[in-house]
Amino acid sequence: MVPFPFPRSPSPPAAMTHLYNTEEPSVISQGLLKKAVLQQGPEGEAGRLALEQGIDFSVVRSLRLDFQNILHIENLWQFSSLRKLQLDNNIIENIDGLETLVHLEWLDLSFNNISEVGEGLKELTSLRDLSLAHNQLTDISGFNTLTRLQSLSLASNRLAHLNQVSGLRPLSALQSLTLSGNPLTSDPHYTHYTLAFLPSLVYLDFHMIFPEEVGGVWFPGQIGLMTGSSPPSQREAVGDMFSEALAEVEMSEREFSRRREEAEAERQLQETYKAAYMDGLQGTALFDSMFEEDGDAERISLMPGVQDMLSQMKEEFQLCVEHLTKMGLEEKKKRDEEVASFQMFTPAGDFLQPAEITGTRGQFSADIIIGTRPDERGDDDSGAARCEENEREGRVDWRMCAFLLIQEIIRDFERNYSDMVGSFFETVQSHMTQLRELENTHHEKVSEMALQYLENAIKGSLEEEPPEQLRKLLADKDTLVSALNTSTTPHSLHRLQRCDRSHRGQADLSRRL
């Protein structure tokens, strides 16, 4: 049996919520926080010492700020270890200022003036017990991320529509729900509907659902007498009453889940491209960005044959970009593997303490020499070779050997990583040069075709009348040549931005090294 919801402090009547409205709202100041912590902290000598030496808010696990006439939640970022927070019986209107309290498990915001949850609880994914009773809520939303929430009180708000209950379905751990005092509870199907859409519930409005007895039981909200039915069949019977509506909601949830997974996969892909310094190169992004702001190129493409040339150029352009992107992702993987290998073969800094390094050759070999990749250190000047020579001569200083061998690991890593970075960005520049040459060749062909088209237009030998958009460019040769040259400006700008991104990436990787 699931325990009854965690008992709360006795709450005053709803009218007390507004007692403080005639007073100036309180600010959550350092003084107020210090006072609140001291009131619940140690007494006597320990309390005196805490007062004199100061209080470290980062270790406080429980905080009471109820009945303080607080309007805005603020300055709580200091309580990084907070587990329990009472903000009930204030005049709070908006839920904000809580996003840093990621360890919070118990939150009481009852008896306030909150009209919506919004994004205020989004980061509180550790919450298990939440009360928003006696507020002004008209909508059940903003709870989707609270997947660990077990007890939720929304009693005495302004929730009027029964279908709002389905908004709590993402709360897969929810066992206790209180909605009493809301208009929606007057709906004759309230209890049936709630149990059908929230099958994990054990308590609804402080009544246990489907007790363990097998005999006749009256259900909360007067569902009816079901004799001799086991709890699972009772739940199924309630679910069957709203099977069509439930199926529709479940289909919507599956679609939402699918879109969310796709969005997450796309986000991860974007992060991968960014880490590989290939962002902006996915699909046709670079090509499209070069032409989307080029109005002259769009008009020029209305000339016969130009669109075909543009399609051919785009195809060659994309092959080059795809090859560059593939190479960039492969190079990132190699760099990541090199870093992982370096971290695996290099001891932690505190390993180099004398007490850790002293010992027998065998101990040292197990801890250090194994990690030096001897297959990569065959030269006679290596630290390992010098250690072997010193051992033969009877003068072995394993501390110095550790220092020399680890130095070699670091030098090897620096050399390998630098070579990778240099080679990668040389390849990037090479591909960018290919893209520039492709565009220059395309520009030359289009210019030649456009000038020939102008000449035919002047002679009156065109097979068809040019579109209105194109006629403006055919006023004279200077106008057309100016349009042809202007159209290359945004192309070059986007290429230069891409090259600049590469240079910044090279500098970034060098700094990391």
# chains A, B, ... in the order shown; residues from 1 in each chain; ligands from 1

$ residues_around --residues "region 428-441 of chain A" --least-positions-apart "6" --cutoff "7 Å" --atoms "only C-alpha atoms" --output "MDAnalysis selection string"
chainID A and resid 317 320 324

$ atom_distance --atom1 "CA of Leu85 (chain A)" --atom2 "CA of Arg64 (chain A)"
6.0 Å

$ atom_distance --atom1 "CA of Arg260 (chain A)" --atom2 "CA of Glu244 (chain A)"
24.3 Å

$ closest_residue --among "A:Ser301, A:Ser186, A:Asp412, A:Val321" --to "Asp279 (chain A)" --atoms "only C-alpha atoms"
A:Val321

$ residues_around --residues "region 141-157 of chain A" --least-positions-apart "2" --cutoff "6 Å" --atoms "only C-alpha atoms" --output "PDB file with C-alpha atoms, in the first residue's frame"
ATOM      1  CA  VAL A 117       2.443  27.540 -13.824  1.00  0.00           C
ATOM      2  CA  GLY A 118       4.161  28.411 -17.101  1.00  0.00           C
ATOM      3  CA  GLU A 119       7.815  27.357 -17.232  1.00  0.00           C
ATOM      4  CA  LYS A 122      10.348  22.989 -15.643  1.00  0.00           C
ATOM      5  CA  THR A 125      12.600  17.325 -12.072  1.00  0.00           C
ATOM      6  CA  LEU A 127       9.994  17.055  -7.143  1.00  0.00           C
ATOM      7  CA  ARG A 128       7.975  14.329  -5.435  1.00  0.00           C
ATOM      8  CA  ASP A 129       5.398  16.387  -3.527  1.00  0.00           C
ATOM      9  CA  LEU A 130       3.822  19.616  -4.801  1.00  0.00           C
ATOM     10  CA  SER A 131       0.927  21.718  -3.544  1.00  0.00           C
ATOM     11  CA  LEU A 132      -0.677  24.538  -5.522  1.00  0.00           C
ATOM     12  CA  ALA A 133      -3.942  24.376  -3.609  1.00  0.00           C
ATOM     13  CA  HIS A 134      -5.969  27.562  -3.089  1.00  0.00           C
ATOM     14  CA  ASN A 135      -4.608  29.565  -6.016  1.00  0.00           C
ATOM     15  CA  GLN A 136      -6.159  30.986  -9.189  1.00  0.00           C
ATOM     16  CA  LEU A 137      -5.173  28.284 -11.697  1.00  0.00           C
ATOM     17  CA  ASP A 139      -5.320  25.486 -16.674  1.00  0.00           C
ATOM     18  CA  LEU A 159     -10.158  24.382 -13.069  1.00  0.00           C
ATOM     19  CA  PRO A 170       2.963  12.640 -18.417  1.00  0.00           C
ATOM     20  CA  LEU A 171       3.272  12.350 -14.613  1.00  0.00           C
ATOM     21  CA  SER A 172       3.885   8.611 -14.731  1.00  0.00           C
ATOM     22  CA  ALA A 173       4.789   8.361 -11.013  1.00  0.00           C
ATOM     23  CA  LEU A 174       1.728  10.275  -9.765  1.00  0.00           C
ATOM     24  CA  GLN A 175      -0.080   8.352  -7.003  1.00  0.00           C
ATOM     25  CA  SER A 176      -1.987  11.020  -5.098  1.00  0.00           C
ATOM     26  CA  LEU A 177      -4.048  13.800  -6.709  1.00  0.00           C
ATOM     27  CA  THR A 178      -6.314  16.363  -5.065  1.00  0.00           C
ATOM     28  CA  LEU A 179      -8.704  18.377  -7.233  1.00  0.00           C
ATOM     29  CA  SER A 180     -11.509  18.964  -4.742  1.00  0.00           C
ATOM     30  CA  GLY A 181     -12.909  22.470  -4.680  1.00  0.00           C
ATOM     31  CA  ASN A 182     -12.556  22.975  -8.447  1.00  0.00           C
TER      32      ASN A 182
END

$ closest_residue --among "A:Glu315, A:Asp419, A:Glu261, A:Glu298" --to "Arg335 (chain A)" --atoms "only C-alpha atoms"
A:Asp419

$ select_by_dssp --residues "region 248-354 of chain A" --states "alpha helix (DSSP H)" --output "ChimeraX atom specification"
/A:248-275,285-291,295-300,306-345,354

$ residues_around --residues "Lys274 (chain A)" --least-positions-apart "2" --cutoff "12 Å" --atoms "only C-alpha atoms" --output "list in words"
Arg267, Gln268, Leu269, Gln270, Glu271, Thr272, Ala276, Tyr277, Met278, Asp279, Gly280, Leu281, Gln282, Thr325, Gly328, Leu329, Lys332, Arg501, Ser502 and Gly505 of chain A

$ write_last_selection --atoms "N, CA, C and O atoms" --output "PDB file, in the first residue's frame"
ATOM      1  N   ARG A 267      18.477  17.670 -32.631  1.00  0.00           N
ATOM      2  CA  ARG A 267      19.315  18.501 -31.755  1.00  0.00           C
ATOM      3  C   ARG A 267      20.687  17.854 -31.543  1.00  0.00           C
ATOM      4  O   ARG A 267      21.726  18.531 -31.606  1.00  0.00           O
ATOM      5  N   GLN A 268      20.683  16.545 -31.285  1.00  0.00           N
ATOM      6  CA  GLN A 268      21.945  15.847 -31.082  1.00  0.00           C
ATOM      7  C   GLN A 268      22.800  15.867 -32.342  1.00  0.00           C
ATOM      8  O   GLN A 268      24.029  16.007 -32.279  1.00  0.00           O
ATOM      9  N   LEU A 269      22.123  15.732 -33.501  1.00  0.00           N
ATOM     10  CA  LEU A 269      22.855  15.788 -34.770  1.00  0.00           C
ATOM     11  C   LEU A 269      23.483  17.163 -34.965  1.00  0.00           C
ATOM     12  O   LEU A 269      24.643  17.275 -35.386  1.00  0.00           O
ATOM     13  N   GLN A 270      22.721  18.211 -34.654  1.00  0.00           N
ATOM     14  CA  GLN A 270      23.245  19.575 -34.769  1.00  0.00           C
ATOM     15  C   GLN A 270      24.436  19.770 -33.844  1.00  0.00           C
ATOM     16  O   GLN A 270      25.433  20.422 -34.220  1.00  0.00           O
ATOM     17  N   GLU A 271      24.355  19.221 -32.632  1.00  0.00           N
ATOM     18  CA  GLU A 271      25.462  19.332 -31.687  1.00  0.00           C
ATOM     19  C   GLU A 271      26.701  18.610 -32.212  1.00  0.00           C
ATOM     20  O   GLU A 271      27.826  19.089 -32.058  1.00  0.00           O
ATOM     21  N   THR A 272      26.476  17.459 -32.832  1.00  0.00           N
ATOM     22  CA  THR A 272      27.601  16.705 -33.401  1.00  0.00           C
ATOM     23  C   THR A 272      28.265  17.489 -34.517  1.00  0.00           C
ATOM     24  O   THR A 272      29.496  17.590 -34.588  1.00  0.00           O
ATOM     25  N   ALA A 276      32.042  19.164 -34.614  1.00  0.00           N
ATOM     26  CA  ALA A 276      32.960  18.802 -35.706  1.00  0.00           C
ATOM     27  C   ALA A 276      33.290  20.008 -36.583  1.00  0.00           C
ATOM     28  O   ALA A 276      33.991  19.861 -37.581  1.00  0.00           O
ATOM     29  N   TYR A 277      32.764  21.184 -36.214  1.00  0.00           N
ATOM     30  CA  TYR A 277      32.945  22.421 -36.992  1.00  0.00           C
ATOM     31  C   TYR A 277      32.368  22.268 -38.395  1.00  0.00           C
ATOM     32  O   TYR A 277      32.872  22.829 -39.361  1.00  0.00           O
ATOM     33  N   MET A 278      31.288  21.518 -38.477  1.00  0.00           N
ATOM     34  CA  MET A 278      30.593  21.310 -39.746  1.00  0.00           C
ATOM     35  C   MET A 278      29.188  21.912 -39.704  1.00  0.00           C
ATOM     36  O   MET A 278      28.366  21.622 -40.577  1.00  0.00           O
ATOM     37  N   ASP A 279      28.892  22.728 -38.685  1.00  0.00           N
ATOM     38  CA  ASP A 279      27.567  23.333 -38.605  1.00  0.00           C
ATOM     39  C   ASP A 279      27.370  24.286 -39.782  1.00  0.00           C
ATOM     40  O   ASP A 279      28.294  24.969 -40.220  1.00  0.00           O
ATOM     41  N   GLY A 280      26.143  24.303 -40.285  1.00  0.00           N
ATOM     42  CA  GLY A 280      25.832  25.120 -41.456  1.00  0.00           C
ATOM     43  C   GLY A 280      26.085  24.401 -42.764  1.00  0.00           C
ATOM     44  O   GLY A 280      25.897  24.969 -43.842  1.00  0.00           O
ATOM     45  N   LEU A 281      26.505  23.128 -42.681  1.00  0.00           N
ATOM     46  CA  LEU A 281      26.793  22.364 -43.905  1.00  0.00           C
ATOM     47  C   LEU A 281      25.836  21.192 -44.100  1.00  0.00           C
ATOM     48  O   LEU A 281      26.011  20.414 -45.029  1.00  0.00           O
ATOM     49  N   GLN A 282      24.841  21.072 -43.216  1.00  0.00           N
ATOM     50  CA  GLN A 282      23.903  19.971 -43.351  1.00  0.00           C
ATOM     51  C   GLN A 282      23.012  20.187 -44.581  1.00  0.00           C
ATOM     52  O   GLN A 282      22.502  21.283 -44.803  1.00  0.00           O
ATOM     53  N   THR A 325      31.680  17.260 -45.264  1.00  0.00           N
ATOM     54  CA  THR A 325      30.970  16.949 -44.023  1.00  0.00           C
ATOM     55  C   THR A 325      31.338  15.563 -43.504  1.00  0.00           C
ATOM     56  O   THR A 325      31.597  15.381 -42.309  1.00  0.00           O
ATOM     57  N   GLY A 328      34.742  15.730 -42.110  1.00  0.00           N
ATOM     58  CA  GLY A 328      34.756  16.458 -40.847  1.00  0.00           C
ATOM     59  C   GLY A 328      34.289  15.611 -39.677  1.00  0.00           C
ATOM     60  O   GLY A 328      34.871  15.648 -38.589  1.00  0.00           O
ATOM     61  N   LEU A 329      33.225  14.828 -39.881  1.00  0.00           N
ATOM     62  CA  LEU A 329      32.713  13.959 -38.826  1.00  0.00           C
ATOM     63  C   LEU A 329      33.701  12.841 -38.504  1.00  0.00           C
ATOM     64  O   LEU A 329      33.873  12.466 -37.343  1.00  0.00           O
ATOM     65  N   LYS A 332      36.527  14.336 -36.476  1.00  0.00           N
ATOM     66  CA  LYS A 332      36.110  14.563 -35.083  1.00  0.00           C
ATOM     67  C   LYS A 332      36.202  13.266 -34.298  1.00  0.00           C
ATOM     68  O   LYS A 332      36.661  13.235 -33.147  1.00  0.00           O
ATOM     69  N   ARG A 501      34.556  30.563 -39.753  1.00  0.00           N
ATOM     70  CA  ARG A 501      34.163  29.558 -38.761  1.00  0.00           C
ATOM     71  C   ARG A 501      35.254  28.493 -38.649  1.00  0.00           C
ATOM     72  O   ARG A 501      35.589  28.043 -37.557  1.00  0.00           O
ATOM     73  N   SER A 502      35.847  28.114 -39.773  1.00  0.00           N
ATOM     74  CA  SER A 502      36.911  27.110 -39.755  1.00  0.00           C
ATOM     75  C   SER A 502      38.140  27.630 -39.017  1.00  0.00           C
ATOM     76  O   SER A 502      38.756  26.918 -38.224  1.00  0.00           O
ATOM     77  N   GLY A 505      37.471  27.647 -35.419  1.00  0.00           N
ATOM     78  CA  GLY A 505      37.501  26.272 -34.925  1.00  0.00           C
ATOM     79  C   GLY A 505      38.916  25.770 -34.713  1.00  0.00           C
ATOM     80  O   GLY A 505      39.220  25.103 -33.724  1.00  0.00           O
TER      81      GLY A 505
END

$ residues_around --residues "Glu250 (chain A)" --least-positions-apart "4" --cutoff "12 Å" --atoms "only C-alpha atoms" --output "number ranges by chain"
A: 166-167, 169-170, 196-198, 242-246, 254-257
